[in-house]
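Peer 1: Next comes entry38.txt, compact mmCIF, C-alpha atoms:
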```txt
# COMPACT_ATOMS: atom_id res chain seq x y z
CA MET A 225 -29.77 216.41 56.62
CA LYS A 226 -27.21 217.92 54.26
CA ILE A 227 -27.12 214.61 52.41
CA THR A 228 -30.87 214.58 51.93
CA PHE A 229 -30.79 218.13 50.63
CA ILE A 230 -28.08 217.16 48.15
CA LEU A 231 -30.31 214.30 47.05
CA LEU A 232 -33.25 216.68 46.82
CA LEU A 233 -31.18 218.93 44.57
CA ILE A 234 -30.03 216.08 42.34
CA CYS A 235 -33.43 214.49 42.00
CA ASN A 236 -35.38 217.70 42.34
CA ILE A 237 -37.92 217.43 39.59
CA LEU A 238 -40.27 214.52 39.53
CA TYR A 239 -41.85 215.68 36.35
CA SER A 240 -41.10 214.48 32.96
CA HIS A 241 -38.36 214.91 30.41
CA PRO A 242 -38.84 215.44 26.71
CA HIS A 243 -40.81 212.83 24.83
CA THR A 244 -41.60 215.00 21.84
CA PHE A 245 -39.05 217.01 19.90
CA ILE A 246 -40.17 219.98 17.86
CA GLU A 247 -37.85 221.74 15.46
CA VAL A 248 -38.81 225.42 15.19
CA TYR A 249 -38.36 227.26 11.89
CA PRO A 250 -39.26 230.95 12.24
CA ASP A 251 -39.33 233.40 9.33
CA VAL A 252 -39.17 236.91 10.77
CA ILE A 253 -40.15 239.98 8.76
CA VAL A 254 -38.75 243.29 10.01
CA HIS A 255 -39.80 246.73 8.85
CA ASN A 256 -38.36 249.96 10.30
CA ASN A 257 -36.82 248.18 13.27
CA LYS A 258 -40.16 246.56 14.10
CA ILE A 259 -41.02 242.91 13.77
CA THR A 260 -44.23 242.98 11.75
CA LYS A 261 -44.81 239.32 10.95
CA ILE A 262 -43.48 235.91 11.95
CA SER A 263 -44.26 232.71 10.10
CA PHE A 264 -43.56 229.62 12.16
CA LYS A 265 -43.11 226.08 11.04
CA TRP A 266 -42.88 223.38 13.68
CA LYS A 267 -41.58 219.99 12.61
CA LEU A 268 -42.42 217.22 15.06
CA ASP A 269 -40.11 214.23 15.42
CA GLU A 270 -40.98 211.20 13.33
CA MET A 271 -42.09 208.94 16.18
CA SER A 272 -44.43 211.49 17.76
CA SER A 273 -45.65 212.35 14.28
CA SER A 274 -46.64 208.74 13.58
CA MET A 275 -48.76 208.74 16.75
CA LEU A 276 -50.55 211.93 15.73
CA ILE A 277 -50.87 211.10 12.03
CA ILE A 278 -52.88 207.97 12.91
CA GLU A 279 -55.48 210.26 14.42
CA LEU A 280 -55.28 213.30 12.22
CA ASP A 281 -55.10 211.69 8.81
CA GLU A 282 -58.41 209.93 9.32
CA ASN A 283 -58.91 208.84 5.70
CA GLY A 284 -55.27 207.71 5.47
CA ASP A 285 -54.53 209.51 2.21
CA GLY A 286 -51.19 210.81 3.51
CA LYS A 287 -52.44 214.40 3.60
CA ILE A 288 -54.21 216.56 6.14
CA ASP A 289 -57.44 217.62 4.45
CA LYS A 290 -59.54 220.67 5.34
CA ASP A 291 -61.72 218.89 7.93
CA GLU A 292 -58.72 217.09 9.38
CA ASN A 293 -56.92 220.42 9.59
CA THR A 294 -59.82 221.94 11.55
CA PHE A 295 -59.77 218.94 13.89
CA ALA A 296 -56.01 219.30 14.41
CA TYR A 297 -56.38 223.02 15.04
CA GLU A 298 -59.18 222.66 17.60
CA ASN A 299 -57.97 219.55 19.41
CA TYR A 300 -54.21 219.67 19.21
CA PHE A 301 -52.95 223.12 18.35
CA MET A 302 -55.22 225.53 20.23
CA PRO A 303 -54.97 223.68 23.59
CA LEU A 304 -51.30 224.73 23.50
CA VAL A 305 -52.49 228.22 24.40
CA ASP A 306 -52.26 226.97 28.01
CA TYR A 307 -48.54 226.54 27.43
CA ASN A 308 -48.19 229.88 25.60
CA PHE A 309 -47.34 227.77 22.53
CA TYR A 310 -44.01 226.98 24.22
CA THR A 311 -42.93 230.48 23.22
CA ASP A 312 -42.50 233.37 25.61
CA ILE A 313 -42.35 236.71 23.86
CA SER A 314 -40.89 239.24 26.24
CA ILE A 315 -40.74 242.98 25.73
CA GLN A 316 -38.36 244.79 28.05
CA ASN A 317 -38.11 241.56 30.02
CA LYS A 318 -41.88 241.33 30.59
CA ILE A 319 -43.52 238.24 29.15
CA LYS A 320 -46.45 239.06 26.89
CA ARG A 321 -49.40 236.90 25.99
CA PHE A 322 -48.73 234.97 22.79
CA PRO A 323 -50.57 236.74 19.94
CA SER A 324 -53.42 234.86 18.35
CA PRO A 325 -51.98 232.65 15.59
CA SER A 326 -53.52 232.74 12.13
CA ASN A 327 -53.40 230.67 8.93
CA PHE A 328 -52.82 227.42 10.79
CA LYS A 329 -52.05 224.47 8.58
CA ALA A 330 -51.08 220.92 9.52
CA LEU A 331 -48.95 219.11 6.94
CA ILE A 332 -47.24 215.76 6.53
CA GLU A 333 -43.72 216.09 5.14
CA ASN A 334 -41.32 213.14 4.95
CA ASN A 335 -43.35 211.17 7.52
CA ARG A 336 -43.24 214.11 9.90
CA LEU A 337 -46.16 216.17 11.05
CA CYS A 338 -45.64 219.91 10.64
CA TYR A 339 -47.65 222.81 11.97
CA SER A 340 -47.36 226.11 10.14
CA PHE A 341 -48.92 229.30 11.44
CA GLU A 342 -48.39 233.04 11.38
CA LEU A 343 -48.32 235.93 13.77
CA ILE A 344 -49.44 238.97 11.80
CA ASN A 345 -49.92 242.70 12.41
CA LEU A 346 -47.14 242.79 14.96
CA GLN A 347 -45.30 245.92 16.03
CA LEU A 348 -42.48 244.52 18.16
CA ASP A 349 -39.40 246.60 18.68
CA ILE A 350 -36.40 244.48 17.68
CA HIS A 351 -34.16 245.95 20.39
CA SER A 352 -36.40 245.11 23.32
CA THR A 353 -38.10 241.90 22.15
CA LYS A 354 -36.87 238.42 22.97
CA PHE A 355 -38.35 235.06 22.01
CA ASP A 356 -37.84 232.19 24.44
CA PHE A 357 -38.67 228.70 23.24
CA GLY A 358 -39.13 225.86 25.70
CA ASP A 359 -41.62 223.83 27.72
CA THR A 360 -41.58 224.52 31.44
CA ASP A 361 -43.11 221.08 32.03
CA PHE A 362 -40.18 219.64 30.11
CA PHE A 363 -42.40 217.21 28.22
CA VAL A 364 -41.64 218.81 24.87
CA ALA A 365 -38.19 219.86 23.73
CA MET A 366 -38.17 222.81 21.33
CA ILE A 367 -35.12 222.69 19.10
CA LEU A 368 -33.95 225.94 17.54
CA LYS A 369 -30.74 226.40 15.61
CA LYS A 370 -29.50 229.59 14.00
CA GLU A 371 -29.75 228.02 10.56
CA PHE A 372 -33.47 227.34 11.15
CA VAL A 373 -34.20 231.10 11.29
CA THR A 374 -34.79 233.16 8.17
CA THR A 375 -35.19 236.92 8.32
CA ASN A 376 -34.75 240.12 6.36
CA ALA A 377 -33.13 241.70 9.45
CA LYS A 378 -29.37 242.24 9.65
CA ASN A 379 -28.67 239.51 12.09
CA VAL A 380 -30.22 236.97 14.41
CA LYS A 381 -28.86 235.60 17.66
CA VAL A 382 -29.81 232.17 19.00
CA ASN A 383 -28.59 231.29 22.47
CA ASP A 384 -29.20 228.59 25.05
CA LEU A 385 -31.87 229.68 27.48
CA ASP A 386 -30.64 229.73 31.03
CA ASN A 387 -33.45 228.05 32.94
CA ASP A 388 -32.65 226.19 36.09
CA PHE A 389 -34.58 222.99 35.49
CA TYR A 390 -35.58 222.86 31.86
CA PHE A 391 -33.81 223.66 28.69
CA GLY A 392 -34.72 226.11 25.95
CA TYR A 393 -33.50 228.61 23.40
CA ARG A 394 -33.61 232.40 23.08
CA MET A 395 -33.91 234.18 19.75
CA GLU A 396 -33.06 237.85 19.34
CA ILE A 397 -33.39 239.78 16.12
CA GLN A 398 -30.81 242.51 15.50
CA MET B 277 -13.90 240.87 54.60
CA ILE B 278 -13.34 237.13 54.91
CA PHE B 279 -17.07 236.72 55.51
CA ILE B 280 -17.91 238.60 52.25
CA LEU B 281 -15.36 236.58 50.30
CA ASP B 282 -16.82 233.39 51.71
CA ILE B 283 -20.37 234.39 50.63
CA GLU B 284 -19.08 235.33 47.18
CA TRP B 285 -17.27 232.00 46.87
CA ARG B 286 -20.37 230.09 47.92
CA TYR B 287 -22.51 232.07 45.49
CA ASN B 288 -20.10 231.41 42.61
CA LYS B 289 -20.00 227.75 43.51
CA LYS B 290 -23.82 227.60 43.47
CA MET B 291 -23.94 229.37 40.07
CA TYR B 292 -21.33 226.98 38.76
CA ILE B 293 -23.41 223.96 39.85
CA ILE B 294 -26.55 225.42 38.19
CA GLU B 295 -24.59 226.09 35.00
CA LEU B 296 -23.22 222.55 35.06
CA TYR B 297 -26.77 221.22 35.52
CA ASN B 298 -28.00 223.32 32.56
CA GLN B 299 -25.24 221.99 30.37
CA PHE B 300 -26.01 218.46 31.54
CA LEU B 301 -29.69 218.95 30.60
CA LYS B 302 -28.74 220.34 27.20
CA GLN B 303 -26.45 217.43 26.40
CA LEU B 304 -29.13 214.97 27.55
CA ILE B 305 -31.74 216.57 25.30
CA MET B 306 -29.48 216.79 22.27
CA LEU B 307 -28.44 213.18 22.70
CA GLN B 308 -32.08 212.06 23.02
CA TYR B 309 -33.02 214.20 20.03
CA GLN B 310 -30.35 212.50 17.92
CA LEU B 311 -31.13 209.00 19.20
CA ASN B 312 -34.85 209.58 18.65
CA SER B 313 -34.21 210.60 15.05
CA TYR B 314 -31.72 207.78 14.47
CA ILE B 315 -34.00 205.11 15.90
CA SER B 316 -37.00 206.15 13.78
CA THR B 317 -34.91 206.31 10.58
CA THR B 318 -33.42 202.88 11.30
CA ILE B 319 -36.77 201.25 12.09
CA ARG B 320 -38.23 202.67 8.89
CA SER B 321 -35.27 201.42 6.86
CA LEU B 322 -35.97 197.93 8.20
CA ASN B 323 -38.88 197.65 5.78
CA ASP B 324 -36.44 197.76 2.90
CA ASP B 325 -33.55 196.00 4.49
CA ASN B 326 -34.93 193.38 6.83
CA SER B 327 -31.65 192.14 8.28
CA LEU B 328 -30.78 190.76 11.66
CA LEU B 329 -27.94 193.25 11.94
CA THR B 330 -30.28 196.22 11.53
CA SER B 331 -32.64 194.77 14.13
CA LEU B 332 -29.76 194.34 16.55
CA LEU B 333 -28.65 197.90 15.83
CA ILE B 334 -32.16 199.15 16.65
CA LEU B 335 -32.14 197.25 19.93
CA GLY B 336 -28.71 198.67 20.74
CA ILE B 337 -29.95 202.21 20.10
CA ALA B 338 -33.10 201.49 22.15
CA PHE B 339 -30.86 200.44 25.07
CA LEU B 340 -28.84 203.66 24.79
CA TYR B 341 -32.02 205.68 24.43
CA GLY B 342 -33.38 204.12 27.63
CA LEU B 343 -30.12 204.82 29.45
CA VAL B 344 -30.13 208.51 28.45
CA HIS B 345 -33.91 208.92 28.67
CA ALA B 346 -34.01 207.85 32.32
CA ALA B 347 -31.10 210.15 33.17
CA GLY B 348 -33.40 213.17 32.83
CA PRO B 349 -35.71 214.21 35.64
CA GLY B 350 -38.44 211.71 36.47
CA HIS B 351 -38.64 207.95 36.17
CA GLY B 352 -38.80 207.43 39.91
CA LYS B 353 -35.17 208.26 40.58
CA ALA B 354 -36.17 210.73 43.28
CA LEU B 355 -38.41 208.11 44.89
CA VAL B 356 -35.67 205.46 44.77
CA ALA B 357 -33.09 207.89 46.14
CA PHE B 358 -35.34 209.01 49.01
CA TYR B 359 -36.37 205.43 49.72
CA PHE B 360 -32.76 204.34 50.13
CA THR B 361 -32.12 207.44 52.24
CA SER B 362 -34.69 206.03 54.59
CA ASN B 363 -33.57 202.39 54.40
CA LYS B 364 -30.27 200.68 54.90
CA ALA B 365 -29.56 198.52 51.88
CA ASN B 366 -26.80 197.08 49.74
CA TYR B 367 -26.01 197.75 46.07
CA GLN B 368 -27.76 194.58 44.89
CA LYS B 369 -30.97 195.97 46.32
CA ALA B 370 -30.50 199.13 44.28
CA PHE B 371 -30.22 197.05 41.09
CA LYS B 372 -33.20 194.94 42.11
CA MET B 373 -35.28 198.06 42.72
CA GLY B 374 -34.11 199.77 39.50
CA TYR B 375 -35.00 196.75 37.39
CA MET B 376 -38.30 196.10 39.15
CA ILE B 377 -39.35 199.67 38.32
CA SER B 378 -38.20 199.49 34.72
CA ILE B 379 -39.88 196.09 34.14
CA ILE B 380 -43.20 197.38 35.53
CA HIS B 381 -42.71 200.59 33.52
CA ALA B 382 -42.21 198.65 30.29
CA LEU B 383 -45.03 196.19 30.93
CA SER B 384 -47.38 199.05 31.71
CA ALA B 385 -46.30 200.86 28.52
CA LEU B 386 -46.80 197.74 26.39
CA LEU B 387 -50.20 197.07 27.93
CA PHE B 388 -51.34 200.66 27.44
CA THR B 389 -50.04 200.90 23.87
CA PHE B 390 -51.53 197.64 22.60
CA GLY B 391 -54.68 198.22 24.67
CA ILE B 392 -55.39 201.68 23.34
CA PHE B 393 -54.36 200.83 19.81
CA TYR B 394 -56.36 197.63 19.44
CA ILE B 395 -59.24 198.06 21.88
CA LEU B 396 -60.01 201.77 21.77
CA LYS B 397 -58.55 202.24 18.27
CA THR B 398 -59.16 205.98 18.08
CA MET B 399 -57.83 209.08 19.78
CA PHE B 400 -54.57 207.44 20.80
CA ARG B 401 -53.00 210.59 22.19
CA LYS B 402 -56.15 211.69 24.04
CA ASN B 403 -56.76 208.25 25.54
CA PHE B 404 -53.11 207.96 26.41
CA ASN B 405 -53.16 211.31 28.22
CA GLU B 406 -56.32 210.41 30.14
CA MET B 407 -55.12 206.96 31.16
CA SER B 408 -51.70 208.30 31.99
CA ALA B 409 -53.29 210.92 34.28
CA ILE B 410 -55.24 208.20 36.12
CA ALA B 411 -52.10 206.06 36.47
CA MET B 412 -50.21 209.08 37.82
CA GLN B 413 -52.91 209.72 40.41
CA ILE B 414 -52.72 206.10 41.56
CA SER B 415 -48.94 206.41 41.60
CA ALA B 416 -49.10 209.61 43.71
CA GLY B 417 -51.46 207.93 46.20
CA MET B 418 -49.13 204.95 46.50
CA ILE B 419 -46.07 207.17 46.99
CA ILE B 420 -47.87 209.01 49.82
CA CYS B 421 -48.65 205.65 51.45
CA VAL B 422 -45.01 204.56 51.09
CA GLY B 423 -43.88 207.85 52.69
CA LEU B 424 -46.23 207.40 55.64
CA TYR B 425 -45.14 203.79 55.99
CA LEU B 426 -41.44 204.76 56.00
CA ILE B 427 -42.02 207.42 58.66
CA TYR B 428 -43.91 204.87 60.77
CA GLU B 429 -41.11 202.33 60.26
CA ALA B 430 -38.43 204.87 61.18
CA TYR B 431 -40.33 205.72 64.35
CA LYS B 432 -40.80 202.07 65.21
CA SER B 433 -37.23 201.05 64.38
CA LYS B 434 -36.02 203.46 67.01
CA LYS B 435 -37.64 201.14 69.55
CA PHE B 436 -37.66 197.71 67.87
CA LYS B 437 -34.76 197.53 65.43
CA GLU B 438 -35.05 193.80 64.78
CA LEU B 439 -38.49 194.12 63.14
CA GLN B 440 -37.27 196.38 60.34
CA ILE B 441 -35.71 193.90 57.88
CA GLU B 442 -38.80 191.74 57.36
CA LYS B 443 -41.12 194.70 56.68
CA GLN B 444 -38.66 196.46 54.39
CA ASN B 445 -38.97 193.81 51.66
CA LYS B 446 -42.71 194.44 51.36
CA SER B 447 -42.28 198.18 50.93
CA GLU B 448 -39.74 197.61 48.15
CA TYR B 449 -42.42 196.12 45.94
CA VAL B 450 -44.82 198.96 46.69
CA VAL B 451 -42.10 201.51 45.81
CA ALA B 452 -41.35 199.68 42.54
CA LEU B 453 -45.03 199.46 41.66
CA SER B 454 -45.79 203.07 42.51
CA ALA B 455 -42.88 204.35 40.41
CA GLY B 456 -43.38 201.92 37.54
CA ILE B 457 -47.15 201.97 37.15
CA VAL B 458 -47.11 205.19 35.10
CA PRO B 459 -46.33 204.02 31.56
CA CYS B 460 -43.26 205.55 29.98
CA PRO B 461 -44.32 207.71 27.01
CA GLY B 462 -40.87 207.16 25.51
CA VAL B 463 -41.39 203.39 25.41
CA MET B 464 -44.96 203.82 24.21
CA THR B 465 -43.86 206.02 21.31
CA ILE B 466 -41.32 203.46 20.10
CA VAL B 467 -43.81 200.57 20.47
CA LEU B 468 -46.51 202.48 18.62
CA PHE B 469 -44.09 203.46 15.88
CA CYS B 470 -43.21 199.76 15.43
CA ILE B 471 -46.92 198.82 15.40
CA VAL B 472 -47.59 201.39 12.66
CA LEU B 473 -44.76 199.89 10.60
CA LYS B 474 -46.05 196.37 11.42
CA GLN B 475 -42.84 195.46 13.29
CA TYR B 476 -44.70 194.06 16.31
CA PHE B 477 -42.04 191.71 17.66
CA LEU B 478 -39.32 194.34 17.24
CA GLY B 479 -41.55 196.80 19.12
CA VAL B 480 -41.79 194.47 22.12
CA LEU B 481 -38.04 193.75 22.03
CA ALA B 482 -37.25 197.49 21.73
CA ALA B 483 -39.46 198.14 24.79
CA ILE B 484 -37.55 195.48 26.73
CA THR B 485 -34.07 196.73 25.74
CA MET B 486 -35.05 200.33 26.41
CA SER B 487 -36.23 199.24 29.88
CA ILE B 488 -32.92 197.50 30.54
CA GLY B 489 -31.20 200.82 29.81
CA MET B 490 -33.60 202.73 32.04
CA GLY B 491 -33.20 200.14 34.82
CA LEU B 492 -29.46 200.68 34.83
CA THR B 493 -29.82 204.46 35.24
CA ILE B 494 -32.47 204.16 37.97
CA SER B 495 -30.24 201.64 39.79
CA LEU B 496 -27.39 204.15 39.71
CA ALA B 497 -29.61 206.69 41.51
CA GLY B 498 -30.22 204.03 44.17
CA ILE B 499 -26.50 203.25 44.44
CA LEU B 500 -25.67 206.93 44.86
CA SER B 501 -28.27 207.21 47.59
CA ILE B 502 -26.99 204.10 49.41
CA THR B 503 -23.41 205.41 49.26
CA LEU B 504 -24.50 208.75 50.72
CA HIS B 505 -26.59 206.96 53.34
CA LYS B 506 -23.56 204.91 54.44
CA LYS B 507 -21.43 208.02 54.76
CA ALA B 508 -24.12 209.91 56.63
CA ASP B 509 -24.75 206.92 58.87
CA ASN B 510 -21.13 206.93 60.02
CA PHE B 511 -21.40 210.63 60.64
CA LEU B 512 -24.72 210.42 62.51
CA ASP B 513 -23.64 207.32 64.42
CA LYS B 514 -26.55 206.20 66.60
CA LYS B 515 -28.92 208.88 65.36
CA GLY B 516 -29.43 207.19 61.98
CA PHE B 517 -33.19 207.22 62.51
CA ILE B 518 -33.10 210.98 61.72
CA LEU B 519 -31.99 210.10 58.19
CA GLU B 520 -34.63 207.36 57.95
CA MET B 521 -37.31 209.77 59.11
CA ALA B 522 -36.11 212.46 56.66
CA GLY B 523 -36.19 209.97 53.79
CA GLY B 524 -39.77 209.04 54.70
CA PHE B 525 -40.81 212.69 54.80
CA LEU B 526 -39.19 213.35 51.44
CA VAL B 527 -41.05 210.41 49.87
CA LEU B 528 -44.26 211.74 51.41
CA LEU B 529 -43.57 215.24 50.07
CA LEU B 530 -42.85 213.81 46.64
CA GLY B 531 -46.23 212.06 46.62
CA VAL B 532 -48.09 215.16 47.85
CA PHE B 533 -46.29 217.34 45.29
CA LEU B 534 -47.16 214.93 42.48
CA PHE B 535 -50.78 214.63 43.62
CA PHE B 536 -51.36 218.37 43.80
CA SER B 537 -49.49 219.20 40.62
CA LEU B 538 -51.72 216.68 38.83
CA ARG B 539 -54.84 218.34 40.21
CA HIS B 540 -53.64 221.71 38.94
CA SER B 541 -52.58 220.49 35.49
```
Represent the supplied structure as structure tokens.

Peer 2:
Amino acid sequence: MKITFILLLICNILYSHPHTFIEVYPDVIVHNNKITKISFKWKLDEMSSSMLIIELDENGDGKIDKDENTFAYENYFMPLVDYNFYTDISIQNKIKRFPSPSNFKALIENNRLCYSFELINLQLDIHSTKFDFGDTDFFVAMILKKEFVTTNAKNVKVNDLDNDFYFGYRMEIQ
Amino acid sequence: MIFILDIEWRYNKKMYIIELYNQFLKQLIMLQYQLNSYISTTIRSLNDDNSLLTSLLILGIAFLYGLVHAAGPGHGKALVAFYFTSNKANYQKAFKMGYMISIIHALSALLFTFGIFYILKTMFRKNFNEMSAIAMQISAGMIICVGLYLIYEAYKSKKFKELQIEKQNKSEYVVALSAGIVPCPGVMTIVLFCIVLKQYFLGVLAAITMSIGMGLTISLAGILSITLHKKADNFLDKKGFILEMAGGFLVLLLGVFLFFSLRHS
């Protein structure tokens, strides 16, 4: 039985592994030790982008027009609310609901689909707020590097997120 | 005191294993991330530099991508491992099973990709998600059947051992089909990317080489399971049916878990 439990541990998760890679570029604005605004830019990998661009750029002009942007927002971006936009914002270690994103824009840059959006009117204490990026279903891999983050705060810390069966990143503003 | 030290040692050991697993996952993801980027850049460059060498390079990367891609959770490794926990087999069988799964996986991905792209034409992602969900439900149903079958076989083999070998071959195909029927999104993405760039033949070849890589990794899961089974068999001596029964139950649980998680997603 021990053997089967070892096997169970090794092969534990049936569910998927990343098929889409999203690079996360956050721009964090801090005022009086409070995070007041975050502008996000997600850059999807080129192969996943090509799949989505076929659908989103309906007229094939290499740009996402206003109507196409609305379609992308309603059909592809907003359904991610079920996944908390792959971003857990925790205050004093309690995960909060992801604030409603505004100014959504889908763009095509260097054959890659990008989503840009903002979280505005925030009042998040920098000492007790943490941002965890990752997909618990492990279908999407969120990639965050320290050099991807821009901020007017003194410092930013990006660490590997210690989840048992999926991988993610934690961002802390200091 | 010794008891406390023992608990502490076990706890540290467990933490160490989890940390190792996390690091393993991270390396897998970063490697896939790099290979994914490298493969798309190379395929795109083929339009300008249409050489045989570049095509071979793409196929080489596709093979590596398949190898690494299947090393992450999923791709029927759990099913293969549990199946071989329940069945005595040799290493050739593990390779046969691994490659049967990856061939079905690739064929299914090719069929889905070309089908959706040329027949349905629109809403690729949406259609893919819907069809994939149906395929996963079929897969879950088949895995449950395989689990029940293995439990039945384990029970029967306790009484009539000689009947086991003939029946086992049939269940191998069902296991391969149930694991492979769900198309691999990784393969589909590469194929679709090649279609968009009008590199149709390269897309099919990339799907095949990626599957060869995946087949190798899935086979290794089977080999590991067979090795453990052999060791456990020696240990359990004449009570090997316990292991067979456990393997059947684990396959059944896997199917039930997959079925219910699909209903909730």

Peer 1: So which one's closest to chain A, B:Cys421, B:Met521, B:Ala483, B:Met373? Using all atoms listed in the file, please.

Peer 2: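 Using all atoms listed in the file, the shortest distance to chain A belongs to B:Met521.
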
Peer 1: As a VMD selection string, please: the residues near Ala370 (chain B) (cut-off 10 Å, all atoms listed in the file, same-chain neighbours under 5 positions excluded).

Peer 2: chain B and resid 356 to 357 360 365 375 to 376 491 to 492 494 to 502

Peer 1: Enter the distance from CA of Ser352 (chain A) to CA of Met366 (chain A), in Å, rounded to one decimal.

Peer 2: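 Distance between the two atoms: 22.5 Å.
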
Peer 1: Mind checking which residues fall within 10 Å of Lys267 (chain A), counting only C-alpha atoms, ignoring those fewer than 6 positions away in the same chain, and posting them as a PyMOL selection string?

Peer 2: chain A and resi 245-249+273+331-333+336-340+366-367

Peer 1: Counting all atoms listed in the file, figure out which residue out of A:Thr375, A:Thr294, A:Ser263, A:Asn334 gets nearest to chain B.

Peer 2: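 Closest to chain B of all the choices is A:Asn334.
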
Peer 1: Quick one: pull the distance between CA of Ile337 (chain B) and CA of Ala455 (chain B), Å, one decimal.

Peer 2: 24.2 Å

Peer 1: Work out how far apart CA of Thr374 (chain A) and CA of Gln308 (chain B) are and give it in Å to one decimal.

Peer 2: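 Those two atoms sit 25.9 Å apart.
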
Peer 1: From the list B:Phe469, B:Phe525, B:Tyr292, B:Phe300, which residue is nearest chain A when using all atoms listed in the file?

Peer 2: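 Checking each of B:Phe469, B:Phe525, B:Tyr292, B:Phe300 against chain A, counting all atoms listed in the file, the winner is B:Phe469.
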
Peer 1: Mind checking which residues fall within 8 Å of Asn308 (chain A), counting all atoms listed in the file, ignoring those fewer than 3 positions away in the same chain, and posting them as a ChimeraX atom specification?

Peer 2: /A:304-305,311-312,321-322

Peer 1: Need to verify the contact set: Met395 (chain A), 8 Å, only C-alpha atoms, exclusion of same-chain residues closer than 3 positions in sequence. Can you return it as a PyMOL selection string?

Peer 2: chain A and resi 354-356+380-383
